[in-house]
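Student: See run_2.cif below, with mmCIF, C-alpha atoms.
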```cif
data_upload
#
loop_
_atom_site.label_atom_id
_atom_site.label_comp_id
_atom_site.auth_asym_id
_atom_site.auth_seq_id
_atom_site.Cartn_x
_atom_site.Cartn_y
_atom_site.Cartn_z
CA MET A 1 88.54 43.25 -121.23
CA GLU A 2 89.80 42.16 -117.80
CA LEU A 3 88.36 38.89 -116.57
CA PHE A 4 89.31 39.68 -112.96
CA PRO A 5 89.13 43.38 -112.24
CA GLU A 6 91.70 44.61 -109.80
CA ASP A 7 89.15 45.86 -107.24
CA ASN A 8 87.68 42.33 -106.95
CA SER A 9 90.99 40.49 -106.59
CA GLU A 10 90.95 40.56 -102.81
CA ALA A 11 87.41 39.14 -102.61
CA LEU A 12 88.27 36.50 -105.19
CA GLY A 13 91.36 35.53 -103.23
CA SER A 14 89.26 35.10 -100.09
CA GLN A 15 86.82 32.84 -101.93
CA VAL A 16 89.63 30.72 -103.38
CA SER A 17 91.20 30.46 -99.94
CA ALA A 18 87.87 29.31 -98.50
CA VAL A 19 87.60 26.63 -101.17
CA MET A 20 91.17 25.49 -100.55
CA ASN A 21 90.48 25.28 -96.80
CA GLY A 22 87.39 23.09 -97.30
CA THR A 23 83.95 24.01 -98.60
CA CYS A 24 82.18 21.85 -96.01
CA GLU A 25 82.74 24.36 -93.22
CA LEU A 26 79.44 26.12 -92.51
CA ARG A 27 80.33 27.99 -89.36
CA HIS A 28 80.79 31.26 -91.25
CA ALA A 29 77.76 30.66 -93.48
CA PRO A 30 74.50 32.55 -93.02
CA ALA A 31 72.35 30.99 -90.30
CA GLY A 32 69.75 29.39 -92.55
CA LEU A 33 72.03 28.49 -95.47
CA VAL A 34 71.51 24.72 -95.23
CA LEU A 35 67.72 24.79 -94.83
CA GLN A 36 67.08 27.94 -96.88
CA PRO A 37 66.64 26.21 -100.28
CA ALA A 38 63.99 23.87 -98.87
CA TRP A 39 62.24 26.75 -97.10
CA ARG A 40 62.39 28.94 -100.20
CA LEU A 41 60.79 26.12 -102.17
CA ALA A 42 58.08 25.76 -99.55
CA LEU A 43 57.36 29.50 -99.60
CA ARG A 44 56.50 29.22 -103.27
CA ARG A 45 53.48 27.25 -102.11
CA ARG A 46 52.19 29.66 -99.48
CA ASP A 47 48.67 28.58 -100.31
CA LEU A 48 49.59 25.04 -99.24
CA LEU A 49 51.49 26.13 -96.13
CA CYS A 50 48.57 28.29 -95.04
CA SER A 51 45.94 25.67 -95.84
CA PRO A 52 43.75 24.94 -92.82
CA HIS A 53 43.76 21.27 -93.79
CA LEU A 54 47.55 20.89 -93.94
CA LEU A 55 48.06 19.65 -90.36
CA ALA A 56 45.46 16.86 -90.56
CA VAL A 57 46.42 15.75 -94.08
CA LEU A 58 50.14 15.76 -93.16
CA ALA A 59 49.44 13.71 -90.02
CA LEU A 60 47.35 11.10 -91.84
CA ALA A 61 49.62 10.83 -94.91
CA ALA A 62 52.80 10.60 -92.83
CA HIS A 63 51.25 8.04 -90.52
CA LEU A 64 50.21 5.78 -93.41
CA LEU A 65 53.61 6.16 -95.08
CA PHE A 66 55.55 5.41 -91.88
CA SER A 67 53.28 2.44 -91.11
CA ALA A 68 53.76 0.78 -94.50
CA PRO A 69 57.12 -0.93 -93.69
CA PHE A 70 55.61 -2.46 -90.55
CA LEU A 71 52.64 -3.76 -92.54
CA ALA A 72 55.14 -5.45 -94.85
CA LEU A 73 56.93 -6.97 -91.84
CA ASP A 74 53.64 -8.21 -90.39
CA VAL A 75 52.63 -9.87 -93.67
CA LEU A 76 56.09 -11.39 -94.17
CA GLY A 77 56.18 -12.56 -90.57
CA ALA A 78 53.18 -14.80 -91.13
CA ARG A 79 55.26 -16.84 -93.62
CA TRP A 80 58.89 -16.14 -92.82
CA ALA A 81 60.33 -16.65 -89.34
CA ALA A 82 63.24 -14.24 -89.94
CA ALA A 83 60.78 -11.38 -90.55
CA ARG A 84 59.28 -11.79 -87.07
CA ARG A 85 62.60 -12.11 -85.29
CA TYR A 86 62.12 -8.78 -83.52
CA ARG A 87 58.34 -9.03 -83.16
CA ILE A 88 57.31 -8.53 -79.50
CA SER A 89 53.57 -8.32 -80.05
CA GLU A 90 51.19 -11.06 -81.19
CA VAL A 91 51.93 -12.78 -84.49
CA LEU A 92 48.90 -13.45 -86.70
CA SER A 93 48.28 -15.29 -89.92
CA GLU A 94 48.50 -13.26 -93.12
CA ALA A 95 44.71 -13.12 -93.52
CA GLU A 96 44.12 -12.10 -89.89
CA CYS A 97 46.88 -9.51 -90.11
CA LEU A 98 45.46 -7.87 -93.23
CA ARG A 99 41.94 -7.97 -91.82
CA ARG A 100 43.09 -6.23 -88.65
CA TRP A 101 45.02 -3.56 -90.55
CA PHE A 102 42.20 -2.73 -92.96
CA ARG A 103 39.56 -2.60 -90.23
CA CYS A 104 41.77 -0.19 -88.31
CA LEU A 105 42.38 1.87 -91.45
CA GLY A 106 38.64 2.16 -92.04
CA ARG A 107 38.07 3.45 -88.50
CA VAL A 108 40.89 5.98 -88.81
CA LEU A 109 39.76 7.29 -92.21
CA LEU A 110 36.17 7.67 -91.01
CA LYS A 111 37.25 9.78 -88.03
CA TYR A 112 39.54 11.96 -90.12
CA LEU A 113 36.91 12.65 -92.77
CA THR A 114 34.05 13.35 -90.36
CA VAL A 115 35.75 15.03 -87.38
CA ILE A 116 39.51 15.59 -87.55
CA LEU A 117 39.72 17.46 -90.88
CA PRO A 118 37.02 20.06 -90.08
CA ALA A 119 38.13 20.48 -86.45
CA THR A 120 41.82 20.97 -87.25
CA ALA A 121 40.86 23.34 -90.08
CA LEU A 122 39.14 25.53 -87.48
CA LEU A 123 42.17 25.28 -85.20
CA GLN A 124 44.54 26.35 -87.98
CA ARG A 125 42.34 29.31 -88.93
CA LEU A 126 42.53 30.54 -85.35
CA ARG A 127 46.34 30.28 -85.36
CA SER A 128 47.35 32.04 -88.62
CA PRO A 129 51.11 31.41 -88.17
CA ALA A 130 53.55 33.89 -89.73
CA LEU A 131 55.86 32.74 -92.52
CA PRO A 132 59.31 34.40 -92.18
CA ALA A 133 61.46 34.76 -95.26
CA ALA A 134 64.53 33.19 -93.65
CA ALA A 135 64.89 29.54 -92.70
CA PRO A 136 66.23 28.58 -89.25
CA SER A 137 69.79 27.41 -88.81
CA CYS A 138 70.31 23.67 -88.35
CA ALA A 139 71.24 24.24 -84.71
CA ARG A 140 68.10 26.30 -84.08
CA ALA A 141 65.86 23.78 -85.86
CA LEU A 142 67.37 20.89 -83.88
CA LEU A 143 66.95 22.76 -80.59
CA GLU A 144 63.36 23.71 -81.38
CA VAL A 145 62.40 20.17 -82.43
CA LEU A 146 63.95 18.71 -79.26
CA SER A 147 62.24 21.36 -77.12
CA CYS A 148 58.89 20.57 -78.76
CA LEU A 149 59.38 16.87 -78.07
CA LEU A 150 60.15 17.52 -74.40
CA VAL A 151 57.17 19.85 -73.96
CA PHE A 152 54.83 17.46 -75.80
CA ASP A 153 56.11 14.54 -73.71
CA ALA A 154 55.30 16.41 -70.49
CA LEU A 155 51.84 17.53 -71.67
CA PHE A 156 51.00 14.07 -72.99
CA PHE A 157 52.13 12.41 -69.75
CA ALA A 158 49.84 14.63 -67.66
CA TRP A 159 46.88 14.16 -70.04
CA HIS A 160 47.47 10.39 -70.28
CA VAL A 161 47.56 9.96 -66.50
CA LEU A 162 44.32 11.96 -66.26
CA LEU A 163 42.69 9.73 -68.90
CA HIS A 164 43.51 6.67 -66.81
CA ARG A 165 42.71 8.09 -63.38
CA VAL A 166 39.34 9.69 -64.22
CA SER A 167 37.00 6.80 -65.00
CA TRP A 168 34.56 8.65 -67.27
CA LEU A 169 37.44 10.09 -69.31
CA PHE A 170 38.91 6.64 -69.72
CA VAL A 171 35.59 5.17 -70.89
CA TRP A 172 34.51 7.97 -73.23
CA VAL A 173 37.88 9.19 -74.53
CA HIS A 174 40.67 6.63 -74.08
CA LEU A 175 39.11 3.15 -73.94
CA GLN A 176 38.90 2.78 -77.72
CA HIS A 177 42.68 3.03 -77.98
CA HIS A 178 43.03 0.24 -75.41
CA HIS A 179 40.82 -2.13 -77.39
CA ASN A 180 44.15 -2.91 -79.05
CA ARG A 181 45.91 -4.93 -76.37
CA GLU A 182 48.42 -6.06 -79.00
CA THR A 183 49.97 -3.12 -80.82
CA PHE A 184 50.71 -2.60 -84.51
CA ALA A 185 51.72 0.57 -86.32
CA LEU A 186 48.26 1.90 -87.25
CA VAL A 187 47.13 1.68 -83.62
CA ALA A 188 48.83 5.04 -82.98
CA GLN A 189 45.85 6.66 -84.74
CA ASP A 190 43.20 4.17 -83.59
CA SER A 191 41.66 6.31 -80.88
CA SER A 192 38.42 8.16 -80.32
CA ALA A 193 37.96 11.37 -82.30
CA VAL A 194 38.18 13.36 -79.07
CA GLU A 195 41.52 11.79 -78.18
CA LEU A 196 42.92 12.33 -81.68
CA LEU A 197 41.89 15.99 -81.51
CA SER A 198 43.39 16.37 -78.06
CA LEU A 199 46.74 15.03 -79.30
CA GLN A 200 46.66 17.45 -82.24
CA VAL A 201 46.03 20.28 -79.79
CA LEU A 202 48.90 19.12 -77.56
CA ALA A 203 51.29 18.97 -80.54
CA VAL A 204 50.29 22.42 -81.82
CA SER A 205 50.42 23.85 -78.29
CA SER A 206 53.94 22.46 -77.81
CA ALA A 207 55.16 24.19 -80.96
CA THR A 208 53.42 27.42 -79.92
CA LEU A 209 54.93 27.36 -76.42
CA VAL A 210 58.41 26.81 -77.84
CA GLY A 211 57.81 29.57 -80.41
CA CYS A 212 59.53 27.62 -83.13
CA HIS A 213 59.96 28.43 -86.80
CA PRO A 214 57.24 26.92 -89.09
CA LEU A 215 59.85 24.66 -90.72
CA SER A 216 60.94 23.38 -87.31
CA GLU A 217 57.29 22.78 -86.46
CA VAL A 218 56.78 20.64 -89.57
CA LEU A 219 59.91 18.63 -88.70
CA PHE A 220 58.62 18.18 -85.15
CA HIS A 221 55.23 16.93 -86.36
CA LEU A 222 56.91 14.43 -88.70
CA LEU A 223 59.25 13.17 -85.98
CA ASN A 224 56.35 13.00 -83.54
CA ILE A 225 54.36 10.84 -85.96
CA TRP A 226 57.32 8.53 -86.65
CA LEU A 227 57.95 8.00 -82.93
CA ALA A 228 54.25 7.24 -82.36
CA VAL A 229 54.30 4.67 -85.17
CA GLU A 230 57.49 3.08 -83.88
CA ASP A 231 56.12 2.93 -80.32
CA HIS A 232 52.99 1.10 -81.49
CA SER A 233 54.73 -1.05 -84.11
CA GLY A 234 55.11 -4.13 -81.91
CA TYR A 235 58.75 -4.51 -83.03
CA ASP A 236 61.87 -4.10 -80.90
CA LEU A 237 64.19 -3.31 -83.78
CA PRO A 238 67.96 -2.95 -83.18
CA TRP A 239 67.94 0.44 -84.94
CA GLY A 240 64.94 1.73 -82.98
CA VAL A 241 65.32 5.14 -81.38
CA HIS A 242 65.21 3.61 -77.87
CA ARG A 243 68.17 1.38 -78.78
CA ILE A 244 70.24 4.35 -79.93
CA LEU A 245 69.07 6.74 -77.19
CA PRO A 246 68.25 4.83 -73.98
CA CYS A 247 66.32 7.81 -72.61
CA PHE A 248 63.49 6.83 -74.99
CA GLY A 249 61.02 4.10 -74.05
CA GLY A 250 60.27 2.61 -77.45
CA ALA A 251 57.96 -0.20 -78.49
CA PRO A 252 58.58 -2.54 -75.47
CA PHE A 253 57.90 0.37 -73.10
CA HIS A 254 54.58 1.20 -74.74
CA LEU A 255 53.47 -2.39 -75.34
CA ALA A 256 53.77 -2.99 -71.59
CA HIS A 257 51.31 -0.12 -71.08
CA HIS A 258 48.81 -1.62 -73.55
CA GLN A 259 49.05 -5.06 -71.99
CA ARG A 260 48.72 -3.89 -68.38
CA TYR A 261 46.44 -0.84 -68.83
CA ARG A 262 48.60 1.26 -66.52
CA GLY A 263 52.09 2.70 -66.11
CA ASN A 264 54.50 3.93 -68.77
CA TYR A 265 52.26 6.92 -69.46
CA ALA A 266 54.83 9.09 -71.24
CA PRO A 267 54.82 8.75 -75.02
CA TYR A 268 58.56 8.83 -75.66
CA PHE A 269 60.92 9.60 -72.78
CA ARG A 270 61.24 7.60 -69.56
CA HIS A 271 61.96 10.33 -67.00
CA TRP A 272 58.37 11.30 -66.06
CA ASP A 273 57.45 7.70 -65.29
CA TRP A 274 60.62 7.31 -63.23
CA LEU A 275 59.89 10.49 -61.29
CA PHE A 276 56.25 9.60 -60.58
CA ARG A 277 56.94 5.88 -59.98
CA THR A 278 54.71 4.73 -62.82
CA TYR A 279 57.54 3.07 -64.72
CA LEU A 280 56.91 -0.58 -65.57
CA THR A 281 60.13 -2.56 -65.39
CA GLU A 282 58.43 -5.77 -66.50
CA GLU A 283 59.01 -6.54 -70.15
CA PRO A 284 56.04 -7.65 -72.24
CA ARG A 285 55.99 -11.31 -73.15
CA ASP A 286 58.26 -12.45 -75.98
CA THR A 287 56.28 -13.64 -78.97
CA ALA A 288 59.10 -13.56 -81.50
CA GLY A 289 59.11 -17.28 -81.84
CA ALA A 290 55.32 -17.63 -81.99
#
```
Hey, can you dump this file as structure tokens for me?
Tutor:
Amino acid sequence: MELFPEDNSEALGSQVSAVMNGTCELRHAPAGLVLQPAWRLALRRRDLLCSPHLLAVLALAAHLLFSAPFLALDVLGARWAAARRYRISEVLSEAECLRRWFRCLGRVLLKYLTVILPATALLQRLRSPALPAAAPSCARALLEVLSCLLVFDALFFAWHVLLHRVSWLFVWVHLQHHHNRETFALVAQDSSAVELLSLQVLAVSSATLVGCHPLSEVLFHLLNIWLAVEDHSGYDLPWGVHRILPCFGGAPFHLAHHQRYRGNYAPYFRHWDWLFRTYLTEEPRDTAGA
């Protein structure tokens, strides 16, 4: 019995040549080769992907997970000066810090259980997104996530300016978020139920306008949550996104907004505030040594 039939020798030679030339080259690979295994695994749980509660549960779970390292830094900072080296917001004692975090967590959980979960379930039932068999290519996923971020940034900027310029909107929708003059990671979700719902709608609308693949949309939502946590963390870390990509505002940018109740309205990028002259150049006070 022939181990390598003659009619397959040419194909086998091509495969060997590809291996010899480097298996890391993906330019000739199918478009979704890199992300396809993860997407195929996700498709096995279509019931989960199509769950009307997925968006709200993902947002809450990811927010708590991403906030955990900053809680650890806050607790350590009360005892250890090195842990608060990059702290730009107020430094509290360990007891005060934990009290503030758990009070905020209680408010967030109450809103999610009573309003956000049922409302987003209705929103998801109205959408009914399709689930294609093929995953997007890495290039397409990256482009779609970046496009979603840019669209969301523009929509959020317009909505945020409106919340500050229309007095009744500020009082009834946005004021609760500004009760936190000093920011910490959980503050990103410490808003009125109406504002939390509006941000969910803006995020979903951004993905819909871009027309992105469901996997790209999930990646966008996760990145969106991480950036929101980082912006509200109260830490100007050297590996923060705004340090790597100066076009992002970051935690100092957003803390200035919380401390002055105006300006720096965009959530992530700086360009809208530059264009509309709402950019705050003043840095928030340095409390690292407090």
Student: For Phe70 of chain A, which residue out of A:His53, A:His271, A:His258, A:His232 is the nearest one, using all atoms listed in the file?
Tutor: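 Closest to Phe70 of chain A, using all atoms listed in the file: A:His232.
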Student: Please, what is the axis-aligned box for every listed atom of segment 184-188 of chain A with 5 Å on each side, as centre and edge lengths in Å to one decimal, as AutoDock Vina command-line options?
Tutor:
```
--center_x 49.4 --center_y 1.2 --center_z -85.1 --size_x 14.6 --size_y 17.6 --size_z 14.3
```
Student: Please produce, as JSON lines, a per-residue contact table for segment 176-226 of chain A versus segment 60-64 of chain A (criterion: any atom at most 8 Å away, all atoms listed in the file considered), showing the nearest atom pair and its distance in Å to one decimal, sorted by chain then residue number.
Tutor:
```
{"residue": "A:Leu186", "atom": "CA", "partner": "A:Leu64", "partner_atom": "CA", "distance": 7.5}
{"residue": "A:Leu222", "atom": "CA", "partner": "A:Ala62", "partner_atom": "CA", "distance": 7.0}
{"residue": "A:Ile225", "atom": "CA", "partner": "A:His63", "partner_atom": "CA", "distance": 6.2}
{"residue": "A:Trp226", "atom": "CA", "partner": "A:His63", "partner_atom": "CA", "distance": 7.2}
```
Student: Would you kindly translate the PyMOL selection byres ((chain A and resi 101) around 9) into the concrete residues it picks from this file, as JSON, numbers by chain?
Tutor: {"A": [71, 96, 97, 98, 99, 100, 102, 103, 104, 105, 106, 184, 185, 186, 187]}
Student: Just the number, please: distance in Å from atom CA of Gly240 of chain A to atom CA of His254 of chain A, one decimal.
Tutor: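 Atom CA of Gly240 of chain A sits 13.2 Å away from atom CA of His254 of chain A.
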Student: For Val115 of chain A, which residue out of A:Ala38, A:Ala56, A:Leu199, A:Val241 is the nearest one, using only C-alpha atoms?
Tutor: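 Ranked by minimum distance to Val115 of chain A, first place goes to A:Ala56.
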Student: I need the output of the PyMOL selection byres ((chain A and resi 207) around 12) for this file as an NGL selection string; which residues are they?
Tutor: :A and (127 or 129 or 141 or 143-152 or 155 or 200-206 or 208-221 or 224)
Student: Return the single residue from A:Leu196, A:Tyr261, A:Ala130, A:Asp231 that is closest to Phe170 of chain A, with distances computed using only C-alpha atoms.
Tutor: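 Closest to Phe170 of chain A of all the choices is A:Tyr261.
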Student: So, counting all atoms listed in the file, which residue among A:Leu275, A:Pro246, A:Ser191, A:Arg181 is closest to Arg260 of chain A?
Tutor: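 When distances to Arg260 of chain A are compared using all atoms listed in the file, the smallest one comes from A:Arg181.
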Student: What is the atom CA of Ala121 of chain A-atom CA of Leu48 of chain A distance in Å, reported with one decimal?
Tutor: 12.8 Å
Student: Please provide the set of residues having any atom within 9 Å of His164 of chain A, restricted to only C-alpha atoms, with same-chain residues fewer than 3 positions apart removed, written as an MDAnalysis selection string.
Tutor: chainID A and resid 159:161 167 169:170 174 261:262
Student: Go ahead and dump the residues you just picked, C-alpha atoms, as an mmCIF file, keeping the file's coordinate frame.
Tutor:
```
data_model
loop_
_atom_site.group_PDB
_atom_site.id
_atom_site.type_symbol
_atom_site.label_atom_id
_atom_site.label_comp_id
_atom_site.auth_asym_id
_atom_site.auth_seq_id
_atom_site.Cartn_x
_atom_site.Cartn_y
_atom_site.Cartn_z
ATOM 1 C CA TRP A 159 46.880 14.160 -70.040
ATOM 2 C CA HIS A 160 47.470 10.390 -70.280
ATOM 3 C CA VAL A 161 47.560 9.960 -66.500
ATOM 4 C CA SER A 167 37.000 6.800 -65.000
ATOM 5 C CA LEU A 169 37.440 10.090 -69.310
ATOM 6 C CA PHE A 170 38.910 6.640 -69.720
ATOM 7 C CA HIS A 174 40.670 6.630 -74.080
ATOM 8 C CA TYR A 261 46.440 -0.840 -68.830
ATOM 9 C CA ARG A 262 48.600 1.260 -66.520
#
```
Student: For a test of reading the model, state the distance in Å between atom CA of Ser51 of chain A and atom CA of Pro267 of chain A, rounded to one decimal.
Tutor: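 Computed distance, atom CA of Ser51 of chain A to atom CA of Pro267 of chain A, equals 28.3 Å.
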Student: Convert the output of the PyMOL selection byres ((chain A and resi 136) around 7) on the shown file into explicit residues, formatted as a count of residues only.
Tutor: 10
Student: Hey, what's within 10 Å of Phe157 of chain A if we count all atoms listed in the file and toss same-chain stuff fewer than 4 positions away? As a PDB file with C-alpha atoms, keeping the file's coordinate frame, please?
Tutor:
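Contents of out.pdb, as written:
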```pdb
ATOM      1  CA  VAL A 151      57.170  19.850 -73.960  1.00  0.00           C
ATOM      2  CA  PHE A 152      54.830  17.460 -75.800  1.00  0.00           C
ATOM      3  CA  ASP A 153      56.110  14.540 -73.710  1.00  0.00           C
ATOM      4  CA  VAL A 161      47.560   9.960 -66.500  1.00  0.00           C
ATOM      5  CA  LEU A 162      44.320  11.960 -66.260  1.00  0.00           C
ATOM      6  CA  LEU A 163      42.690   9.730 -68.900  1.00  0.00           C
ATOM      7  CA  ASN A 264      54.500   3.930 -68.770  1.00  0.00           C
ATOM      8  CA  TYR A 265      52.260   6.920 -69.460  1.00  0.00           C
ATOM      9  CA  ALA A 266      54.830   9.090 -71.240  1.00  0.00           C
ATOM     10  CA  PRO A 267      54.820   8.750 -75.020  1.00  0.00           C
ATOM     11  CA  TYR A 268      58.560   8.830 -75.660  1.00  0.00           C
ATOM     12  CA  PHE A 269      60.920   9.600 -72.780  1.00  0.00           C
ATOM     13  CA  TRP A 272      58.370  11.300 -66.060  1.00  0.00           C
ATOM     14  CA  ASP A 273      57.450   7.700 -65.290  1.00  0.00           C
TER      15      ASP A 273
END
```
